[in-house]
Structure formats: C-alpha cells, structure tokens
Amino acid sequence: MSLPTINPTKTNAWKKLQDHYGTFGNIHMKDLFAQDKERANKFTVKWDDFYVDFSKNRITEQTLNYLLELAEEVKLKDAIKSQFSGEIINETEGRAVLHTALRAPKDANFKVEGVNVMPEIYAVKQKIETFTNQVVNGELKGFTGKAFTDVVNIGIGGSDLGPAMVVDALQYYKNHLTTHFVSNIDGDHVNEVIKKLNPETTLFVIVSKTFTTQETLSNANTLKAWFLKSATEAAIAKHFVAVSTNIQNVKAFGIDENNIFPMWDWVGGRFSLWSAVGLTISLAVGYKNFDSLLLGANKMDEHFKNEDFKTNIPVVLALISVWYNNFFKAESEAIIPYCQYLNQFATYLQQGIMESNGKSIDRNGNPIDYQTGTIIWGEPGTNSQHAFFQLIHQGTKLIPADFIGFTQSLHGNQDHQDKLMSNFFAQTEALLNGKTEAEVIAEGTASSIIPFKIFDGNKPTNTIFINKLTPESLGKLIAMYEHKIFVQGIIWNIFSYDQFGVELGKQLASKILQEFNNSAVNNHDSSTQNLLNHYKRMS
Ligand SMILES: O=P(O)(O)OC[C@H]1O[C@](O)(CO)[C@@H](O)[C@@H]1O
C-alpha cells in the first residue's frame, strides 16, 4: 500500500481553515487569554515528564478542530500505520522507513518485505554494547598496548550531526574518552583535530551509510595517512572501525570485517543516530545511556502511534506549524532551548526538517502551489536574547518559536537555574502580551520615543517543558521532532524521506574538480568560468 496522495488545499478542512483565517484577522492572543480562564489548561498536554503548553498560539478551539479535520482528511492515521508496518513509504527510493524499529523492544515485530528485522537490530546492538564496554574499560588497546583516550567520528550530514549533537547534549553523562568530530571537506577541520591526537591512543569511527561520500572518505584517508606515519598497516585493524551499509567499500578501505557495524537502507541518514551511527554516542556516554536514549525515543513512538490526535504532542505541534506556514505565511521557525547543552540542537534539526520537507513536487509527481518545509534556525537562550530576539519582538516577520526548558538543572546551582528560567518564562510572556502605548507612557517615556518602545506582542510560542535533561528525555525530544516532520510531510503530500536536492551540487563539484587539471575551463556560464579561472591563476 502506498501513502495517500491527497492535495491538502483541496480538502474541506483547508477551505474551512482559509475562511477561519480570514475571520481570525488581528485577534490578539492577549484577548483570547482574557476571554477564557481555562485557555492554558485546554491547550496543554502533560505526558510522562513532558509538559507541552501550546496555548500561546494564535489558535482557538475551532482552529484546532479544523486542523484535526485536516489530519483526518489527508489520512494521517493510515500513513502512521504504513510507516510503522514497514511499508515502502520512501517510494522514490523504494525503501521502508523504520528508524522506529531501532528503538523498539526486542520482542517487537517490525517487518521489511515479510522479514522481522528485530533479530538483526539486536545483534548489532549487542555488538555496540560489547565494543563500547571493551573500549571504555580499556580492554581493547591500541597498537602500542595503550588504552584508548580519544575517539574521532568521521562522517557528515546524518552521519555527523546526530551523534555530534547528542554527545554535546549529554556531556554531563560523559566518561573519560575525549570525542572529536570531523565532517567538513575543508582541510582545516581535520587538521585542527589531528593536532589534538596521539595515534597510539586514538580510535577512528568512520560513519557513512553509503561509504561513497566525498567528505567522509577524504577525511578518513587523510587520517589514515597521518596514522600510518606512526603505525603499520596491520595496526589499522585495531584503530579503525566503520558504520555502513556498503560492506564491500569498507573492506576495500582496509577495515577489518569484524570492525564493521552494519546498518540498513531502511534507516534514513538524518534519522540514523539510533543505529550503529550512534556508536560514538555509546562510546562517549556508555552503552546504558545510549540505550536509555533509545528507550526515550521508543516511549515517544508509542505516544505518537497511540495517542488521540488532539493530545498527541508531535501531531499538535505539526498542525500548528502548518497553520502558520500555510495560512499566516510564516517562513521560518525558531528553536530556542534554554539549555546550553542543546547548543547544537537547532543545527541538528535543520537537516532533519529542511532535508526532509524542503520539497516542491507532490506525491503524484506534480509541482506544488503551496508552501512546504519551514526554515529552521535557533540558538540557546539566554544568548539568543542578546543576539536576534530584537527581530522576533519588534521586527516585521512572524516567527513562531519553540521554547525548550528543563525544570531541574544538572549543575545544581539554583541561583543560575532560577535566573535562566525567569528569562525562559519572561520571554514567552513578553512575546504574548507585548507592551501597549499606555504602558509605555505610564513609564514616563519622552513622547518622541514612545512608538519605538511599543511591543505589539501576539508572537506565538510553544513551551516544551521537561523535568530534566537525561538520555531518556533527550530521546523523547528528538523523536518528537522526527514525528512532527513526518506529519507535516503527510499533510503537504510530499515525500519526506528522499533528498535528491543535494545531488546536483555534488555532481557539479566532481566535474569541476576534474577540470582543475585542464589548461582552460570552458562550458560554464561566464560568471562560474571567470571564477574558476581566477581560482586556477591564484591558487
Ligand atoms: O552517510 P553518508 O552516506 O556518508 O551520507 C551523509 C549525508 O549525505 C546526505 O545523503 C546528503 O547530504 C545526507 O542525507 C546524509 O546524511
């Protein structure tokens, strides 16, 4: 069975939303709160250690009902079933999409083409656990008999961003191993990492689903060449491991078969941190914590699969985002974690959201005449307040924002935590209420300055409030956004799991690379040609 192919703009719910948007006009959220004392309770979902308040949005109960009707009309329920039952929903690549199987319990039953994949998943998990324990305990040693001190993850995109974000987010839980990430083809990246390494005590984890990615293979070759300045070829087996679906290419690189951690083509790169792609996470925080991350994601999967849409966190967040994207024409969304540990979270979500839903052809193969993927950006609070919040508060653009916060800190310094969280609450309150002219005048402001100090307010935010940053709660949070991506892709009638848009640039780059050897460069547009010739002269 394939995914439904319903044009959302042709649904009854869409028309209702359009009319509703027309009458919604300039309703201020402040008035909605004043009219209904129960508003916050009505638009809050409490689930496990999550408290998600979406009341500070430009919605009424009617809006939500129409959005829920839209979900029904585009057959979201069937689509969820299709995804979890291993159907080939990544139709353009002919693949199932089963990252959810990676975090399911052992006795779950996820089938790809009739075969239960759980035994394979658990065999690889076992391999990750054994290997992690041996490295962390110092049982496995380098070529001079010393235990490992450093781990270098070599990968890019989904083979880098997920592990890098999680290792950073969970650094509180880290063991003695120092982790490094090399992704960019820019030689400065690998060069700076090399400066920090001792070949005798460094473990290299090459992560590439395809094992054909230029950046990853170039960086891996550079690191191998550097390593071989101090060690023999035989030592590679002790220091290099790989995560890939392409066993043949990994072996050709010189990696011992025992050092290969397999993955599967039914795991998309940007959804792969739950697989052996997360090996560096497991090494950095220990297998138990890695497994808790998976457990958290599995709990969110169950919530997503079973919860009524009205109180289903990923579904509600996705619907509200569609409301802004397609009716208010908001172009971007900000992700603001009040947590320094989530420093890389927005960057990570950029790939997840923009590579998945940045599409303009629908599931019937026709061009789309409505907006799809949102632009994602963000930084942790409070730093972001001192950087770009001016534009969110008083600029001309509507920027819905997710505020992510934790009731309990990990550091235990209540003074810092209270100051951080007072900012967290103050910002969403200020974005909601703004400041009126009367309030500005009452502050005794000089009359010529008054207009500059008025805040319209009415700026939407979701508050995603979690008890504590743990591997499990992080797993839930990541999975929450993964499901939001899926829901939006279904509504927009696009394929979320391919990424053909990244190919053209890659193809041209390899053509240009070959042309560097030619004496003259032609058959480009005149701009590109001039630039190439200038580079050839000057480099
Ligand atoms: O793991 P690989 O095959 O090296 O691919 C890395 C990344 O490249 C992409 O295919 C395109 O940027 C991503 O989807 C993927 O995460």
# chains A, B, ... in the order shown; residues from 1 in each chain; ligands from 1
call {"tool": "residues_around", "arguments": {"residues": "Asp150 (chain A)", "least_positions_apart": "5", "cutoff": "6 Å", "atoms": "only C-alpha atoms", "output": "MDAnalysis selection string"}}
result
chainID A and resid 177:179 202
call {"tool": "select_by_dssp", "arguments": {"residues": "region 178-247 of chain A", "states": "strand (DSSP E)", "output": "PyMOL selection string"}}
result
chain A and resi 178-182+202-207+240-244
call {"tool": "write_last_selection", "arguments": {"atoms": "C-alpha atoms", "output": "short mmCIF file (atom, residue, chain, number, x, y, z; two decimals), in the first residue's frame"}}
result
data_model
loop_
_atom_site.label_atom_id
_atom_site.label_comp_id
_atom_site.auth_asym_id
_atom_site.auth_seq_id
_atom_site.Cartn_x
_atom_site.Cartn_y
_atom_site.Cartn_z
CA THR A 178 37.52 12.57 24.51
CA THR A 179 35.40 12.72 21.37
CA HIS A 180 36.12 14.67 18.19
CA PHE A 181 34.03 15.14 15.07
CA VAL A 182 35.47 15.65 11.60
CA THR A 202 43.01 7.20 19.13
CA LEU A 203 40.08 5.20 17.81
CA PHE A 204 38.62 6.26 14.44
CA VAL A 205 34.93 5.64 13.73
CA ILE A 206 34.13 6.15 10.04
CA VAL A 207 30.40 6.64 9.61
CA PHE A 240 39.66 1.93 12.59
CA VAL A 241 36.03 0.83 12.70
CA ALA A 242 33.22 1.69 10.29
CA VAL A 243 29.46 2.02 10.28
CA SER A 244 27.94 1.46 6.85
#
call {"tool": "closest_atom_pairs", "arguments": {"of": "chain A", "to": "ligand 1", "cutoff": "6 Å", "atoms": "only C-alpha atoms and all ligand atoms", "output": "JSON lines"}}
result
{"residue": "A:Ile156", "atom": "CA", "partner": "ligand 1", "partner_atom_place_in_ligand_line": "6 (C)", "distance": 5.1}
{"residue": "A:Gly157", "atom": "CA", "partner": "ligand 1", "partner_atom_place_in_ligand_line": "16 (O)", "distance": 4.0}
{"residue": "A:Gly158", "atom": "CA", "partner": "ligand 1", "partner_atom_place_in_ligand_line": "16 (O)", "distance": 3.3}
{"residue": "A:Ser159", "atom": "CA", "partner": "ligand 1", "partner_atom_place_in_ligand_line": "1 (O)", "distance": 4.9}
{"residue": "A:Ser208", "atom": "CA", "partner": "ligand 1", "partner_atom_place_in_ligand_line": "1 (O)", "distance": 3.4}
{"residue": "A:Lys209", "atom": "CA", "partner": "ligand 1", "partner_atom_place_in_ligand_line": "1 (O)", "distance": 3.8}
{"residue": "A:Thr210", "atom": "CA", "partner": "ligand 1", "partner_atom_place_in_ligand_line": "3 (O)", "distance": 3.7}
{"residue": "A:Phe211", "atom": "CA", "partner": "ligand 1", "partner_atom_place_in_ligand_line": "4 (O)", "distance": 5.6}
{"residue": "A:Thr213", "atom": "CA", "partner": "ligand 1", "partner_atom_place_in_ligand_line": "4 (O)", "distance": 4.6}
{"residue": "A:Gly269", "atom": "CA", "partner": "ligand 1", "partner_atom_place_in_ligand_line": "16 (O)", "distance": 3.9}
{"residue": "A:Arg270", "atom": "CA", "partner": "ligand 1", "partner_atom_place_in_ligand_line": "16 (O)", "distance": 5.1}
{"residue": "A:Val502", "atom": "CA", "partner": "ligand 1", "partner_atom_place_in_ligand_line": "11 (C)", "distance": 5.6}
call {"tool": "select_by_dssp", "arguments": {"residues": "region 134-177 of chain A", "states": "alpha helix (DSSP H)", "output": "VMD selection string"}}
result
chain A and resid 134 to 136 161 to 169
call {"tool": "atom_distance", "arguments": {"atom1": "CA of Lys506 (chain A)", "atom2": "CA of Thr372 (chain A)"}}
result
23.8 Å
call {"tool": "residues_around", "arguments": {"residues": "Trp264 (chain A)", "least_positions_apart": "4", "cutoff": "10 Å", "atoms": "only C-alpha atoms", "output": "list in words"}}
result
Leu98, His99, Val117, Glu120, Ile121, Lys209, Ser244, Thr245, Asn246, Gly268, Ser272, Ser275 and Ala276 of chain A
call {"tool": "write_last_selection", "arguments": {"atoms": "C-alpha atoms", "output": "short mmCIF file (atom, residue, chain, number, x, y, z; two decimals), in the first residue's frame"}}
result
data_model
loop_
_atom_site.label_atom_id
_atom_site.label_comp_id
_atom_site.auth_asym_id
_atom_site.auth_seq_id
_atom_site.Cartn_x
_atom_site.Cartn_y
_atom_site.Cartn_z
CA LEU A 98 11.96 2.08 10.10
CA HIS A 99 14.16 4.14 12.39
CA VAL A 117 14.24 -7.08 11.41
CA GLU A 120 19.37 -8.14 13.18
CA ILE A 121 18.88 -4.91 15.13
CA LYS A 209 25.75 4.85 5.14
CA SER A 244 27.94 1.46 6.85
CA THR A 245 25.57 -0.46 4.59
CA ASN A 246 28.34 -0.76 1.99
CA GLY A 268 17.48 7.40 6.55
CA SER A 272 20.08 7.22 11.94
CA SER A 275 21.52 2.78 14.78
CA ALA A 276 25.24 2.00 14.88
#
call {"tool": "residues_around", "arguments": {"residues": "Leu294 (chain A)", "least_positions_apart": "4", "cutoff": "8 Å", "atoms": "only C-alpha atoms", "output": "ChimeraX atom specification"}}
result
/A:102-104,274,290,298,472,475
call {"tool": "atom_distance", "arguments": {"atom1": "CA of Gly358 (chain A)", "atom2": "CA of Phe500 (chain A)"}}
result
10.4 Å
call {"tool": "atom_distance", "arguments": {"atom1": "CA of Phe24 (chain A)", "atom2": "CA of Asn65 (chain A)"}}
result
14.5 Å
call {"tool": "closest_residue", "arguments": {"among": "A:Trp226, A:Phe345, A:Phe309, A:Phe304", "to": "Val167 (chain A)", "atoms": "only C-alpha atoms"}}
result
A:Phe345
call {"tool": "residues_around", "arguments": {"residues": "Gly145 (chain A)", "least_positions_apart": "4", "cutoff": "12 Å", "atoms": "only C-alpha atoms", "output": "ChimeraX atom specification"}}
result
/A:138-141,199-202,235,238-239
call {"tool": "write_last_selection", "arguments": {"atoms": "C-alpha atoms", "output": "short mmCIF file (atom, residue, chain, number, x, y, z; two decimals), in the first residue's frame"}}
result
data_model
loop_
_atom_site.label_atom_id
_atom_site.label_comp_id
_atom_site.auth_asym_id
_atom_site.auth_seq_id
_atom_site.Cartn_x
_atom_site.Cartn_y
_atom_site.Cartn_z
CA GLY A 138 40.40 -0.18 28.46
CA GLU A 139 40.31 -3.87 27.47
CA LEU A 140 40.79 -3.01 23.81
CA LYS A 141 44.12 -1.38 23.24
CA PRO A 199 47.95 7.91 17.12
CA GLU A 200 48.70 5.32 19.81
CA THR A 201 45.51 6.05 21.75
CA THR A 202 43.01 7.20 19.13
CA ALA A 235 47.58 -1.57 13.19
CA LYS A 238 42.98 -2.05 15.98
CA HIS A 239 42.23 1.63 15.38
#
call {"tool": "residues_around", "arguments": {"residues": "Asn12 (chain A)", "least_positions_apart": "6", "cutoff": "10 Å", "atoms": "only C-alpha atoms", "output": "MDAnalysis selection string"}}
result
chainID A and resid 18 66 69:70 73
call {"tool": "closest_residue", "arguments": {"among": "A:Gly278, A:Gly352, A:Gly187, A:Gly86", "to": "Asp291 (chain A)", "atoms": "only C-alpha atoms"}}
result
A:Gly278
call {"tool": "residues_around", "arguments": {"residues": "His20 (chain A)", "least_positions_apart": "3", "cutoff": "9 Å", "atoms": "only C-alpha atoms", "output": "JSON, numbers by chain"}}
result
{"A": [15, 16, 17, 23, 24, 25, 62, 63, 66]}
call {"tool": "closest_residue", "arguments": {"among": "A:Ala346, A:Ala430, A:Leu295, A:Ile281", "to": "Lys106 (chain A)", "atoms": "only C-alpha atoms"}}
result
A:Leu295
call {"tool": "closest_residue", "arguments": {"among": "A:Asp402, A:Glu91, A:Asp256, A:Asp498", "to": "Gln427 (chain A)", "atoms": "only C-alpha atoms"}}
result
A:Asp402
call {"tool": "closest_residue", "arguments": {"among": "A:Gly142, A:Tyr51, A:Phe271, A:Ala40", "to": "Ala101 (chain A)", "atoms": "only C-alpha atoms"}}
result
A:Phe271
